[in-house]
file model-v9.cif (mmCIF, C-alpha atoms)
data_final
#
loop_
_atom_site.label_atom_id
_atom_site.label_comp_id
_atom_site.auth_asym_id
_atom_site.auth_seq_id
_atom_site.Cartn_x
_atom_site.Cartn_y
_atom_site.Cartn_z
CA MET A 1 -7.21 -235.07 123.60
CA SER A 2 -6.56 -236.92 126.83
CA ARG A 3 -3.34 -238.72 127.66
CA ARG A 4 -4.72 -240.77 130.53
CA PHE A 5 -3.64 -244.14 129.19
CA LYS A 6 -0.35 -244.33 131.08
CA LEU A 7 0.79 -247.85 131.83
CA LEU A 8 1.29 -248.98 135.40
CA PRO A 9 5.01 -249.91 134.96
CA GLY A 10 5.66 -246.42 133.67
CA GLN A 11 4.09 -244.86 136.75
CA ILE A 12 6.04 -247.12 139.08
CA GLY A 13 9.24 -246.19 137.26
CA LEU A 14 8.38 -242.52 137.61
CA CYS A 15 7.76 -242.85 141.35
CA LEU A 16 11.02 -244.78 141.75
CA GLY A 17 12.89 -242.09 139.85
CA VAL A 18 11.42 -239.32 141.96
CA THR A 19 12.26 -241.20 145.17
CA LEU A 20 15.86 -241.72 144.07
CA LEU A 21 16.12 -238.06 143.06
CA VAL A 22 14.83 -236.83 146.42
CA LEU A 23 17.18 -239.20 148.27
CA TRP A 24 20.14 -238.02 146.18
CA SER A 25 19.38 -234.34 146.76
CA VAL A 26 18.25 -234.39 150.37
CA GLY A 27 20.13 -237.43 151.73
CA PRO A 28 23.49 -235.78 152.41
CA VAL A 29 21.81 -232.71 153.93
CA TYR A 30 19.65 -234.94 156.14
CA TRP A 31 22.71 -236.91 157.20
CA SER A 32 24.58 -233.79 158.23
CA PHE A 33 21.55 -232.67 160.24
CA VAL A 34 21.32 -236.04 162.00
CA THR A 35 25.04 -235.88 162.72
CA SER A 36 24.57 -232.45 164.27
CA ILE A 37 21.97 -233.71 166.78
CA THR A 38 23.71 -236.98 167.61
CA PRO A 39 25.54 -237.11 170.95
CA PRO A 40 29.29 -237.56 170.32
CA LYS A 41 29.35 -240.98 171.98
CA THR A 42 26.60 -242.37 169.77
CA LEU A 43 28.25 -240.84 166.73
CA VAL A 44 31.28 -243.13 166.96
CA SER A 45 29.27 -246.25 167.82
CA ASP A 46 29.35 -249.26 165.56
CA THR A 47 25.71 -249.34 164.54
CA LEU A 48 24.23 -247.00 161.96
CA HIS A 49 21.47 -244.71 163.23
CA PHE A 50 19.21 -242.90 160.82
CA TRP A 51 17.74 -241.08 163.79
CA PRO A 52 19.62 -240.92 167.11
CA GLU A 53 17.93 -242.64 170.08
CA ALA A 54 18.60 -239.62 172.28
CA PRO A 55 18.82 -236.56 170.03
CA THR A 56 20.65 -233.65 171.58
CA TRP A 57 20.29 -230.00 170.78
CA GLU A 58 23.34 -228.95 172.79
CA HIS A 59 25.38 -228.14 169.68
CA TYR A 60 22.74 -225.71 168.46
CA ALA A 61 22.32 -224.30 171.98
CA LYS A 62 26.06 -223.68 172.07
CA LEU A 63 25.81 -221.82 168.79
CA PHE A 64 23.11 -219.55 170.19
CA GLY A 65 24.57 -218.71 173.58
CA ALA A 66 24.42 -221.64 176.02
CA SER A 67 27.64 -222.75 177.64
CA SER A 68 28.22 -226.47 178.01
CA THR A 69 30.42 -228.79 179.99
CA SER A 70 32.90 -231.19 178.50
CA LEU A 71 34.86 -233.57 180.74
CA GLY A 72 33.91 -231.48 183.75
CA ASN A 73 35.12 -228.18 182.26
CA GLU A 74 32.83 -225.36 181.29
CA VAL A 75 33.02 -224.63 177.58
CA ALA A 76 32.14 -221.09 176.50
CA SER A 77 29.47 -220.50 173.88
CA VAL A 78 30.60 -219.70 170.36
CA TRP A 79 27.80 -217.12 169.97
CA PRO A 80 30.18 -214.09 169.78
CA GLN A 81 32.13 -215.64 166.92
CA PHE A 82 29.09 -217.17 165.24
CA SER A 83 27.06 -213.97 165.31
CA ARG A 84 29.96 -211.98 163.88
CA ALA A 85 30.53 -214.51 161.10
CA PHE A 86 26.82 -214.70 160.32
CA ALA A 87 26.50 -210.92 160.15
CA ASN A 88 29.55 -210.79 157.87
CA SER A 89 27.93 -213.32 155.55
CA LEU A 90 24.67 -211.40 155.44
CA ILE A 91 26.35 -208.07 154.71
CA THR A 92 28.56 -209.62 152.03
CA SER A 93 25.74 -211.45 150.32
CA PHE A 94 23.41 -208.45 150.28
CA ALA A 95 26.13 -206.20 148.92
CA ALA A 96 27.18 -208.79 146.35
CA THR A 97 23.60 -209.36 145.23
CA ALA A 98 23.44 -205.69 144.45
CA LEU A 99 26.46 -206.10 142.19
CA VAL A 100 25.86 -209.57 140.78
CA VAL A 101 28.06 -210.28 137.82
CA ALA A 102 28.51 -213.69 136.28
CA THR A 103 32.07 -214.36 135.21
CA LEU A 104 32.00 -217.92 133.98
CA ALA A 105 34.43 -217.92 131.08
CA ILE A 106 37.51 -216.63 132.89
CA PRO A 107 38.47 -218.73 135.88
CA ALA A 108 38.60 -216.59 138.98
CA TYR A 109 41.85 -218.23 140.01
CA THR A 110 43.70 -216.76 137.06
CA VAL A 111 43.43 -213.29 138.50
CA MET A 112 43.96 -213.92 142.18
CA ILE A 113 47.55 -212.75 142.61
CA PRO A 114 47.05 -209.39 140.84
CA LEU A 115 43.82 -208.94 142.77
CA TYR A 116 45.60 -209.50 146.05
CA ARG A 117 48.25 -206.94 145.07
CA LEU A 118 45.57 -204.51 143.92
CA MET A 119 43.77 -204.83 147.24
CA ILE A 120 46.99 -204.32 149.21
CA SER A 121 47.84 -201.22 147.20
CA MET A 122 44.36 -199.83 147.78
CA GLY A 123 44.57 -200.58 151.49
CA LEU A 124 41.43 -202.69 151.35
CA ILE A 125 42.66 -205.84 153.08
CA ASP A 126 40.37 -206.94 155.92
CA THR A 127 37.42 -204.76 154.94
CA TYR A 128 33.87 -205.50 153.85
CA THR A 129 34.50 -203.65 150.60
CA VAL A 130 37.14 -206.10 149.48
CA VAL A 131 35.05 -209.16 150.32
CA THR A 132 32.05 -207.72 148.51
CA LEU A 133 33.98 -206.72 145.42
CA ILE A 134 35.83 -210.01 145.24
CA TYR A 135 32.73 -212.07 145.82
CA VAL A 136 31.32 -210.89 142.51
CA SER A 137 34.42 -211.93 140.60
CA ALA A 138 36.29 -214.64 142.49
CA PHE A 139 35.97 -216.92 145.45
CA LEU A 140 39.38 -218.35 146.27
CA CYS A 141 40.72 -214.86 146.90
CA ARG A 142 38.41 -214.53 149.87
CA TRP A 143 40.70 -216.92 151.68
CA LEU A 144 43.58 -214.56 151.12
CA CYS A 145 41.98 -211.19 151.76
CA ARG A 146 40.25 -211.93 155.03
CA MET B 1 27.82 -177.96 104.44
CA GLN B 2 28.53 -179.61 107.72
CA ILE B 3 27.72 -183.23 108.42
CA ARG B 4 26.69 -183.82 111.99
CA PRO B 5 27.94 -186.98 113.66
CA PRO B 6 24.98 -189.12 114.69
CA ARG B 7 24.04 -188.30 118.26
CA LEU B 8 23.32 -191.03 120.73
CA GLY B 9 19.65 -191.37 121.48
CA LYS B 10 18.24 -191.19 124.99
CA ASP B 11 17.73 -194.93 125.16
CA ALA B 12 21.25 -195.65 124.02
CA ARG B 13 22.71 -193.34 126.64
CA LEU B 14 20.58 -194.93 129.36
CA GLY B 15 21.74 -198.35 128.17
CA LEU B 16 25.37 -197.31 128.34
CA ALA B 17 24.89 -195.82 131.79
CA LEU B 18 23.26 -199.02 133.03
CA ALA B 19 26.00 -201.18 131.55
CA LEU B 20 28.76 -199.02 132.98
CA PRO B 21 28.91 -200.50 136.52
CA VAL B 22 29.19 -204.05 135.19
CA ALA B 23 31.80 -202.97 132.65
CA LEU B 24 33.80 -201.23 135.38
CA ILE B 25 33.64 -204.16 137.78
CA MET B 26 34.41 -206.72 135.09
CA GLY B 27 37.15 -204.57 133.62
CA GLY B 28 38.74 -203.69 136.93
CA LEU B 29 38.42 -207.01 138.70
CA VAL B 30 38.62 -209.52 135.86
CA PHE B 31 40.12 -208.23 132.62
CA LEU B 32 42.73 -205.88 134.09
CA PRO B 33 44.12 -208.51 136.49
CA LEU B 34 44.01 -211.01 133.62
CA LEU B 35 46.21 -208.81 131.44
CA SER B 36 48.46 -208.15 134.40
CA THR B 37 48.75 -211.91 135.03
CA LEU B 38 49.66 -212.52 131.38
CA PHE B 39 52.31 -209.78 131.50
CA ASP B 40 53.74 -210.67 134.91
CA SER B 41 54.03 -214.37 134.13
CA LEU B 42 57.00 -213.49 131.87
CA PHE B 43 59.08 -212.34 134.87
CA ARG B 44 60.75 -214.14 137.74
CA VAL B 45 59.53 -213.06 141.17
CA GLU B 46 60.75 -215.10 144.10
CA PRO B 47 61.09 -213.70 147.60
CA MET B 48 64.32 -215.63 148.15
CA LYS B 49 66.06 -214.35 145.01
CA PRO B 50 67.12 -210.77 144.29
CA GLY B 51 65.59 -208.77 141.45
CA THR B 52 62.71 -209.46 139.12
CA PRO B 53 64.37 -210.19 135.76
CA LEU B 54 62.45 -210.79 132.55
CA VAL B 55 62.66 -214.52 131.91
CA GLY B 56 60.29 -214.81 128.96
CA PRO B 57 58.44 -218.13 128.67
CA LYS B 58 60.73 -219.82 131.20
CA ASN B 59 58.00 -220.04 133.84
CA TYR B 60 55.92 -222.01 131.35
CA ALA B 61 58.85 -224.21 130.33
CA ASN B 62 59.51 -225.05 134.00
CA LEU B 63 55.91 -226.15 134.41
CA LEU B 64 56.21 -228.61 131.54
CA LYS B 65 59.24 -230.21 133.21
CA ASP B 66 57.62 -230.40 136.66
CA SER B 67 56.39 -233.95 137.25
CA THR B 68 54.03 -232.85 140.06
CA VAL B 69 52.36 -230.39 137.71
CA ASN B 70 52.01 -233.04 135.03
CA ALA B 71 50.44 -235.40 137.58
CA ALA B 72 48.02 -232.61 138.56
CA TRP B 73 46.99 -232.20 134.91
CA ILE B 74 46.21 -235.92 134.70
CA THR B 75 44.22 -235.72 137.94
CA ALA B 76 42.32 -232.72 136.60
CA ALA B 77 41.56 -234.59 133.37
CA ILE B 78 40.15 -237.49 135.41
CA TYR B 79 38.03 -235.08 137.45
CA VAL B 80 36.71 -233.47 134.27
CA ALA B 81 35.88 -236.82 132.69
CA LEU B 82 34.13 -238.19 135.79
CA ALA B 83 32.35 -235.01 136.87
CA VAL B 84 31.18 -234.01 133.39
CA PHE B 85 29.95 -237.57 132.74
CA ILE B 86 28.00 -237.74 136.01
CA GLU B 87 26.61 -234.24 135.62
CA THR B 88 25.56 -234.59 131.98
CA VAL B 89 24.11 -238.10 132.08
CA GLY B 90 22.55 -237.58 135.52
CA GLY B 91 21.36 -234.12 134.59
CA LEU B 92 19.75 -235.36 131.38
CA VAL B 93 17.97 -238.20 133.20
CA VAL B 94 16.72 -235.85 135.93
CA ALA B 95 15.62 -233.23 133.40
CA LEU B 96 13.71 -235.88 131.40
CA LEU B 97 12.12 -237.14 134.62
CA LEU B 98 11.09 -233.63 135.68
CA ASN B 99 9.74 -233.01 132.21
CA CYS B 100 7.42 -236.04 132.59
CA ILE B 101 6.05 -234.89 135.93
CA LYS B 102 3.00 -232.69 135.76
CA ILE B 103 2.00 -232.40 139.43
CA GLY B 104 4.23 -230.66 141.97
CA ARG B 105 7.09 -230.12 139.57
CA ARG B 106 8.12 -226.84 141.17
CA TRP B 107 8.48 -228.47 144.61
CA LEU B 108 10.61 -231.21 143.13
CA LEU B 109 12.65 -228.61 141.28
CA ALA B 110 13.23 -226.78 144.57
CA ILE B 111 14.52 -230.02 146.13
CA VAL B 112 16.75 -230.66 143.12
CA VAL B 113 18.25 -227.17 143.33
CA LEU B 114 18.98 -227.55 147.07
CA PRO B 115 22.59 -228.79 146.64
CA ARG B 116 23.35 -225.77 144.48
CA CYS B 117 22.33 -223.45 147.32
CA LEU B 118 25.01 -224.76 149.68
CA PRO B 119 28.39 -223.04 149.71
CA PRO B 120 31.15 -225.29 148.30
CA VAL B 121 32.92 -225.54 151.65
CA VAL B 122 29.74 -226.55 153.51
CA ASN B 123 29.03 -229.06 150.76
CA ALA B 124 32.47 -230.60 151.15
CA ILE B 125 32.10 -230.79 154.94
CA ILE B 126 28.72 -232.52 154.63
CA TRP B 127 30.29 -235.14 152.39
CA MET B 128 33.30 -235.41 154.69
CA TRP B 129 30.88 -236.73 157.33
CA THR B 130 29.34 -239.08 154.81
CA TYR B 131 32.73 -240.49 153.85
CA ASN B 132 34.10 -240.57 157.40
CA PRO B 133 35.89 -243.90 158.02
CA SER B 134 34.49 -244.43 161.52
CA TYR B 135 30.97 -242.99 161.55
CA GLY B 136 30.28 -242.12 157.91
CA LEU B 137 27.04 -242.99 156.18
CA LEU B 138 28.76 -244.61 153.20
CA ASN B 139 30.60 -247.17 155.32
CA GLY B 140 27.49 -247.78 157.40
CA LEU B 141 25.28 -248.41 154.36
CA LEU B 142 27.79 -250.66 152.60
CA LEU B 143 28.46 -252.61 155.81
CA SER B 144 24.78 -253.20 156.52
CA ALA B 145 24.23 -254.20 152.88
CA GLY B 146 27.06 -256.69 153.25
CA ILE B 147 29.07 -255.29 150.34
CA ILE B 148 32.17 -254.63 152.45
CA ASP B 149 33.35 -256.47 155.57
CA ASN B 150 35.35 -253.73 157.30
CA PRO B 151 34.99 -249.95 157.40
CA GLN B 152 37.06 -248.45 154.60
CA VAL B 153 39.28 -245.38 154.73
CA TRP B 154 38.08 -244.13 151.35
CA PHE B 155 40.85 -241.67 150.62
CA ASN B 156 43.60 -244.25 151.12
CA ASN B 157 43.01 -245.40 147.57
CA ARG B 158 43.64 -242.98 144.72
CA GLU B 159 40.89 -244.29 142.42
CA THR B 160 38.14 -244.16 145.04
CA GLY B 161 39.42 -240.79 146.23
CA LEU B 162 39.13 -239.31 142.74
CA LEU B 163 35.68 -240.82 142.24
CA LEU B 164 34.39 -239.58 145.60
CA VAL B 165 35.67 -236.02 145.04
CA SER B 166 34.05 -236.02 141.59
CA VAL B 167 30.76 -237.20 143.09
CA VAL B 168 30.83 -234.36 145.63
CA HIS B 169 31.53 -231.86 142.86
CA ALA B 170 28.86 -233.33 140.59
CA TRP B 171 26.34 -233.35 143.43
CA ARG B 172 26.69 -229.59 143.79
CA MET B 173 26.97 -228.73 140.10
CA MET B 174 24.31 -231.02 138.61
CA PRO B 175 21.30 -228.76 139.38
CA LEU B 176 22.62 -226.15 136.95
CA THR B 177 22.81 -228.75 134.17
CA VAL B 178 19.31 -229.93 135.09
CA ILE B 179 17.88 -226.42 134.86
CA ILE B 180 19.58 -225.66 131.53
CA LEU B 181 18.43 -228.96 130.00
CA LEU B 182 14.91 -228.69 131.44
CA ALA B 183 14.52 -225.26 129.87
CA ALA B 184 15.68 -226.70 126.53
CA LEU B 185 13.31 -229.68 126.84
CA GLN B 186 10.32 -227.47 127.56
CA SER B 187 10.88 -225.50 124.38
CA ILE B 188 10.37 -228.60 122.20
CA PRO B 189 6.84 -228.55 120.71
CA ALA B 190 4.68 -231.50 121.80
CA GLU B 191 3.40 -232.00 118.21
CA LEU B 192 6.77 -233.41 117.20
CA TYR B 193 6.42 -236.22 119.73
CA GLU B 194 2.83 -236.87 118.69
CA ALA B 195 3.84 -237.11 115.06
CA ALA B 196 6.68 -239.46 115.95
CA ARG B 197 4.35 -241.61 118.04
CA LEU B 198 1.88 -241.84 115.14
CA ASP B 199 4.76 -242.94 112.92
CA GLY B 200 5.50 -245.70 115.41
CA ALA B 201 8.77 -244.42 116.85
CA THR B 202 9.93 -246.13 120.03
CA PRO B 203 10.78 -243.95 123.08
CA LEU B 204 14.49 -244.49 122.42
CA GLN B 205 14.11 -243.37 118.80
CA ARG B 206 12.19 -240.31 119.93
CA LEU B 207 15.00 -239.47 122.36
CA ARG B 208 17.67 -239.90 119.70
CA ASN B 209 15.96 -238.23 116.77
CA ILE B 210 13.92 -235.47 118.39
CA THR B 211 15.04 -234.70 121.92
CA LEU B 212 18.82 -234.82 121.63
CA PRO B 213 19.17 -232.80 118.39
CA LEU B 214 16.75 -230.16 119.64
CA ILE B 215 18.40 -229.67 123.03
CA ALA B 216 21.89 -229.48 121.48
CA PRO B 217 22.35 -225.76 122.26
CA GLY B 218 21.44 -226.29 125.91
CA LEU B 219 23.63 -229.37 126.03
CA ALA B 220 26.61 -227.39 124.69
CA ILE B 221 26.16 -224.71 127.34
CA ALA B 222 25.68 -227.28 130.08
CA LEU B 223 28.76 -229.20 128.94
CA SER B 224 30.99 -226.17 128.76
CA GLN B 225 29.96 -224.80 132.15
CA SER B 226 30.41 -228.18 133.83
CA THR B 227 33.83 -228.62 132.19
CA VAL B 228 35.02 -225.17 133.20
CA PHE B 229 33.91 -225.77 136.78
CA ALA B 230 35.45 -229.25 136.86
CA ILE B 231 38.80 -227.90 135.65
CA ASN B 232 38.59 -225.27 138.38
CA LEU B 233 37.78 -227.84 141.06
CA PHE B 234 39.38 -226.71 144.31
CA ASP B 235 37.21 -226.59 147.43
CA GLU B 236 35.99 -230.17 147.40
CA ALA B 237 39.39 -231.81 146.91
CA TRP B 238 41.09 -229.38 149.30
CA ILE B 239 38.66 -229.97 152.15
CA LEU B 240 38.19 -233.69 151.68
CA ASN B 241 41.83 -234.59 151.18
CA GLY B 242 44.02 -231.52 151.63
CA ALA B 243 47.09 -231.13 149.47
CA SER B 244 47.43 -234.90 148.94
CA LEU B 245 49.15 -235.67 145.66
CA ASP B 246 46.57 -238.38 144.89
CA THR B 247 43.68 -235.95 144.55
CA ARG B 248 45.54 -232.73 143.75
CA SER B 249 43.79 -230.78 141.00
CA VAL B 250 45.52 -228.15 138.87
CA ILE B 251 44.06 -225.31 140.89
CA ILE B 252 45.29 -226.87 144.15
CA GLN B 253 48.67 -227.10 142.43
CA VAL B 254 48.44 -223.37 141.62
CA TYR B 255 47.70 -222.64 145.26
CA VAL B 256 50.55 -224.84 146.48
CA LEU B 257 53.01 -223.40 143.95
CA ALA B 258 52.13 -219.77 144.56
CA PHE B 259 51.29 -219.58 148.24
CA GLN B 260 53.10 -222.50 149.82
CA ASN B 261 56.22 -222.83 147.68
CA MET B 262 56.25 -219.03 147.12
CA LYS B 263 56.81 -219.42 143.37
CA PHE B 264 54.25 -216.75 142.58
CA LEU B 265 54.83 -216.53 138.88
CA GLY B 266 55.04 -220.29 138.41
CA GLY B 267 51.55 -220.34 139.92
CA MET B 268 50.45 -217.50 137.68
CA ALA B 269 51.75 -219.25 134.58
CA LEU B 270 49.92 -222.44 135.55
CA SER B 271 46.68 -220.55 136.12
CA VAL B 272 47.02 -218.92 132.71
CA LEU B 273 47.46 -222.36 131.15
CA THR B 274 44.38 -223.57 133.04
CA MET B 275 42.38 -220.71 131.62
CA VAL B 276 43.59 -221.44 128.09
CA VAL B 277 42.62 -225.09 128.46
CA SER B 278 39.14 -224.34 129.78
CA LEU B 279 38.49 -221.77 127.07
CA ALA B 280 39.69 -224.25 124.43
CA VAL B 281 37.41 -226.99 125.74
CA SER B 282 34.43 -224.63 125.79
CA LEU B 283 35.23 -223.62 122.23
CA ILE B 284 35.26 -227.26 121.12
CA TYR B 285 31.82 -227.83 122.66
CA MET B 286 30.46 -224.71 121.03
CA LEU B 287 31.77 -225.77 117.62
CA ARG B 288 30.90 -229.48 117.81
CA VAL B 289 27.72 -229.68 119.91
CA TYR B 290 26.05 -226.30 119.56
CA ARG B 291 23.57 -226.01 116.74
CA GLU B 292 21.07 -223.34 115.90
CA THR B 293 17.59 -224.64 116.49
CA ARG B 294 14.49 -223.01 115.18
CA PHE B 295 10.90 -224.02 115.82
CA GLU B 296 8.59 -222.96 113.08
#
call {"tool": "encode", "arguments": {"input": "model-v9.cif", "output": "structure tokens"}}
result
Amino acid sequence: MSRRFKLLPGQIGLCLGVTLLVLWSVGPVYWSFVTSITPPKTLVSDTLHFWPEAPTWEHYAKLFGASSTSLGNEVASVWPQFSRAFANSLITSFAATALVVATLAIPAYTVMIPLYRLMISMGLIDTYTVVTLIYVSAFLCRWLCR
Amino acid sequence: MQIRPPRLGKDARLGLALALPVALIMGGLVFLPLLSTLFDSLFRVEPMKPGTPLVGPKNYANLLKDSTVNAAWITAAIYVALAVFIETVGGLVVALLLNCIKIGRRWLLAIVVLPRCLPPVVNAIIWMWTYNPSYGLLNGLLLSAGIIDNPQVWFNNRETGLLLVSVVHAWRMMPLTVIILLAALQSIPAELYEAARLDGATPLQRLRNITLPLIAPGLAIALSQSTVFAINLFDEAWILNGASLDTRSVIIQVYVLAFQNMKFLGGMALSVLTMVVSLAVSLIYMLRVYRETRFE
């Protein structure tokens, strides 16, 4: 049995829906990308740019080791900090994936103060272990135990 | 004669051994602290006052009298209403749309899930740029469409602030609802729709009489998870608008009480109440919306 008798309006509606869906999901991500390659001066201009006239990659270059100049001063690269933070994220996520536990019913925030005390008493503050363990059960606490 | 107690089989022992790590982690990091929170919230612990006397339910009574806390509950209720509405209605529409699409559905699904892959803080920062008063996308779009005359500072107004925070939250949480509902939709046998079509049912009637009743279990799960997450809304409101009273959710109030005002056990008591509320709401969904469905 073939269902090839779809009406044209239905197909147009479907295409419209898919377009809206893609815009809704990707739009904000696209906008943040465009913002990241827009030169600061263009960013605060009055007109809206969906693609900057002179895209700049200096912000990404800065992330990966290039130093830049701002108002005549040399600005150091953030690569040392960025690489450390990125490595921390990778280690935490791999370790947490190994221990994935879904705790949906009990809000993580309910347990954050005892957790903090537990971690202090175990001497785990500022270690990978604490971030890994807490990642599987709570997120707000990460702000406290760093 | 001696009766031997039934020994555990090999499979059962393996099962227990495999479940042990999860039980330990959950027990140690969730249930134990939970009990400790419940117990501790009956004491008074303040760094500026001597001793830790037992005060009974006084921490809870103080919360009821605190007008800031009451305002935070109202804000949280508004967040829940807005976010759950956007997530459920939007999620249902998207799931129905995905269910209609035969070609390239998995690519579309990957795009739909994209917001869910972003960490909450990154998500909030992305939207901070979108809402920015001077170079944000929202102002730019509305200005070029001629809907507003001047750039707006969106978070100056409580109503728009609440709506915008809810949209950010719903944007990140909706994919989960979509996936749950899509799974439920795909388990409905196509014959039911064919029979309904032969009987002359309109699309709306098919949605009301076949689709909605049959996806009720998925809907209940989707509703309860979105409600629990909306009650626990923190990152989005905190990053977009800080501790502002206009957009302060209950969890932000917990944070402010415990770690900025140093009333640790007031914060604990409020977080216990938050948990009770979210469990109660989930229970209501499970009792009212959830229904056993069987396809035979």
call {"tool": "residues_around", "arguments": {"input": "model-v9.cif", "residues": "region 46-52 of chain B", "least_positions_apart": "2", "cutoff": "8 Å", "atoms": "all atoms listed in the file", "output": "PyMOL selection string"}}
result
chain B and resi 43-44+54+262-264
call {"tool": "closest_residue", "arguments": {"input": "model-v9.cif", "among": "B:Val289, B:Ile188, B:Leu143, B:Ala220", "to": "chain A", "atoms": "only C-alpha atoms"}}
result
B:Leu143
call {"tool": "axis_aligned_box", "arguments": {"input": "model-v9.cif", "around": "region 28-38 of chain A", "padding_each_side": "5 Å", "output": "lines of an AutoDock Vina configuration file"}}
result
center_x = 22.3
center_y = -234.7
center_z = 160.0
size_x = 15.4
size_y = 14.5
size_z = 25.2
call {"tool": "atom_distance", "arguments": {"input": "model-v9.cif", "atom1": "CA of Phe85 (chain B)", "atom2": "CA of Ser166 (chain B)"}}
result
9.9 Å
call {"tool": "resolve_selection", "arguments": {"input": "model-v9.cif", "expression": "the PyMOL selection byres ((chain A and resi 77) around 12)", "output": "VMD selection string"}}
result
chain A and resid 58 to 69 74 to 76 78 to 83
call {"tool": "atom_distance", "arguments": {"input": "model-v9.cif", "atom1": "CA of Pro133 (chain B)", "atom2": "CA of Trp51 (chain A)"}}
result
19.3 Å
call {"tool": "closest_residue", "arguments": {"input": "model-v9.cif", "among": "B:Leu16, B:Ile215, B:Val84, B:Met174", "to": "chain A", "atoms": "only C-alpha atoms"}}
result
B:Met174
call {"tool": "interface_residues", "arguments": {"input": "model-v9.cif", "of": "chain B", "to": "chain A", "cutoff": "6 Å", "atoms": "all atoms listed in the file", "output": "PDB file with C-alpha atoms, keeping the file's coordinate frame"}}
result
ATOM      1  CA  PRO B  33      44.120-208.510 136.490  1.00  0.00           C
ATOM      2  CA  LEU B  34      44.010-211.010 133.620  1.00  0.00           C
ATOM      3  CA  VAL B 112      16.750-230.660 143.120  1.00  0.00           C
ATOM      4  CA  ILE B 126      28.720-232.520 154.630  1.00  0.00           C
ATOM      5  CA  TYR B 135      30.970-242.990 161.550  1.00  0.00           C
ATOM      6  CA  GLY B 140      27.490-247.780 157.400  1.00  0.00           C
ATOM      7  CA  SER B 271      46.680-220.550 136.120  1.00  0.00           C
ATOM      8  CA  VAL B 272      47.020-218.920 132.710  1.00  0.00           C
TER       9      VAL B 272
END
call {"tool": "atom_distance", "arguments": {"input": "model-v9.cif", "atom1": "CA of Asn209 (chain B)", "atom2": "CA of Pro175 (chain B)"}}
result
25.1 Å
call {"tool": "residues_near_point", "arguments": {"input": "model-v9.cif", "point": "(31.7, -231.1, 121.1)", "cutoff": "10 Å", "atoms": "all atoms listed in the file", "output": "PyMOL selection string"}}
result
chain B and resi 216+219-220+223-224+281-290
call {"tool": "resolve_selection", "arguments": {"input": "model-v9.cif", "expression": "the PyMOL selection byres ((chain B and resi 131) around 10)", "output": "list in words"}}
result
Ile125, Ile126, Trp127, Met128, Trp129, Thr130, Asn132, Pro133, Ser134, Tyr135, Gly136, Leu137, Leu138, Asn139, Gly140, Gln152, Val153, Trp154, Phe155, Leu164 and Leu240 of chain B
call {"tool": "write_last_selection", "arguments": {"input": "model-v9.cif", "atoms": "C-alpha atoms", "output": "compact mmCIF listing (two decimals), in the coordinates of the input"}}
result
# COMPACT_ATOMS: atom_id res chain seq x y z
CA ILE B 125 32.10 -230.79 154.94
CA ILE B 126 28.72 -232.52 154.63
CA TRP B 127 30.29 -235.14 152.39
CA MET B 128 33.30 -235.41 154.69
CA TRP B 129 30.88 -236.73 157.33
CA THR B 130 29.34 -239.08 154.81
CA ASN B 132 34.10 -240.57 157.40
CA PRO B 133 35.89 -243.90 158.02
CA SER B 134 34.49 -244.43 161.52
CA TYR B 135 30.97 -242.99 161.55
CA GLY B 136 30.28 -242.12 157.91
CA LEU B 137 27.04 -242.99 156.18
CA LEU B 138 28.76 -244.61 153.20
CA ASN B 139 30.60 -247.17 155.32
CA GLY B 140 27.49 -247.78 157.40
CA GLN B 152 37.06 -248.45 154.60
CA VAL B 153 39.28 -245.38 154.73
CA TRP B 154 38.08 -244.13 151.35
CA PHE B 155 40.85 -241.67 150.62
CA LEU B 164 34.39 -239.58 145.60
CA LEU B 240 38.19 -233.69 151.68
call {"tool": "residues_around", "arguments": {"input": "model-v9.cif", "residues": "region 233-235 of chain B", "least_positions_apart": "3", "cutoff": "12 Å", "atoms": "only C-alpha atoms", "output": "JSON, numbers by chain"}}
result
{"A": [107, 108, 109, 139, 140, 143], "B": [72, 73, 75, 76, 77, 78, 79, 80, 83, 84, 119, 120, 121, 122, 123, 124, 125, 162, 165, 166, 167, 168, 169, 170, 172, 173, 226, 227, 228, 229, 230, 238, 239, 240, 241, 242, 243, 247, 248, 249, 250, 251, 252, 253, 254, 255, 256, 274, 278]}
call {"tool": "resolve_selection", "arguments": {"input": "model-v9.cif", "expression": "the PyMOL selection byres ((chain B and resi 211) around 12)", "output": "ChimeraX atom specification"}}
result
/B:92,95-96,99,181-182,184-190,192-193,196,203-210,212-219,293
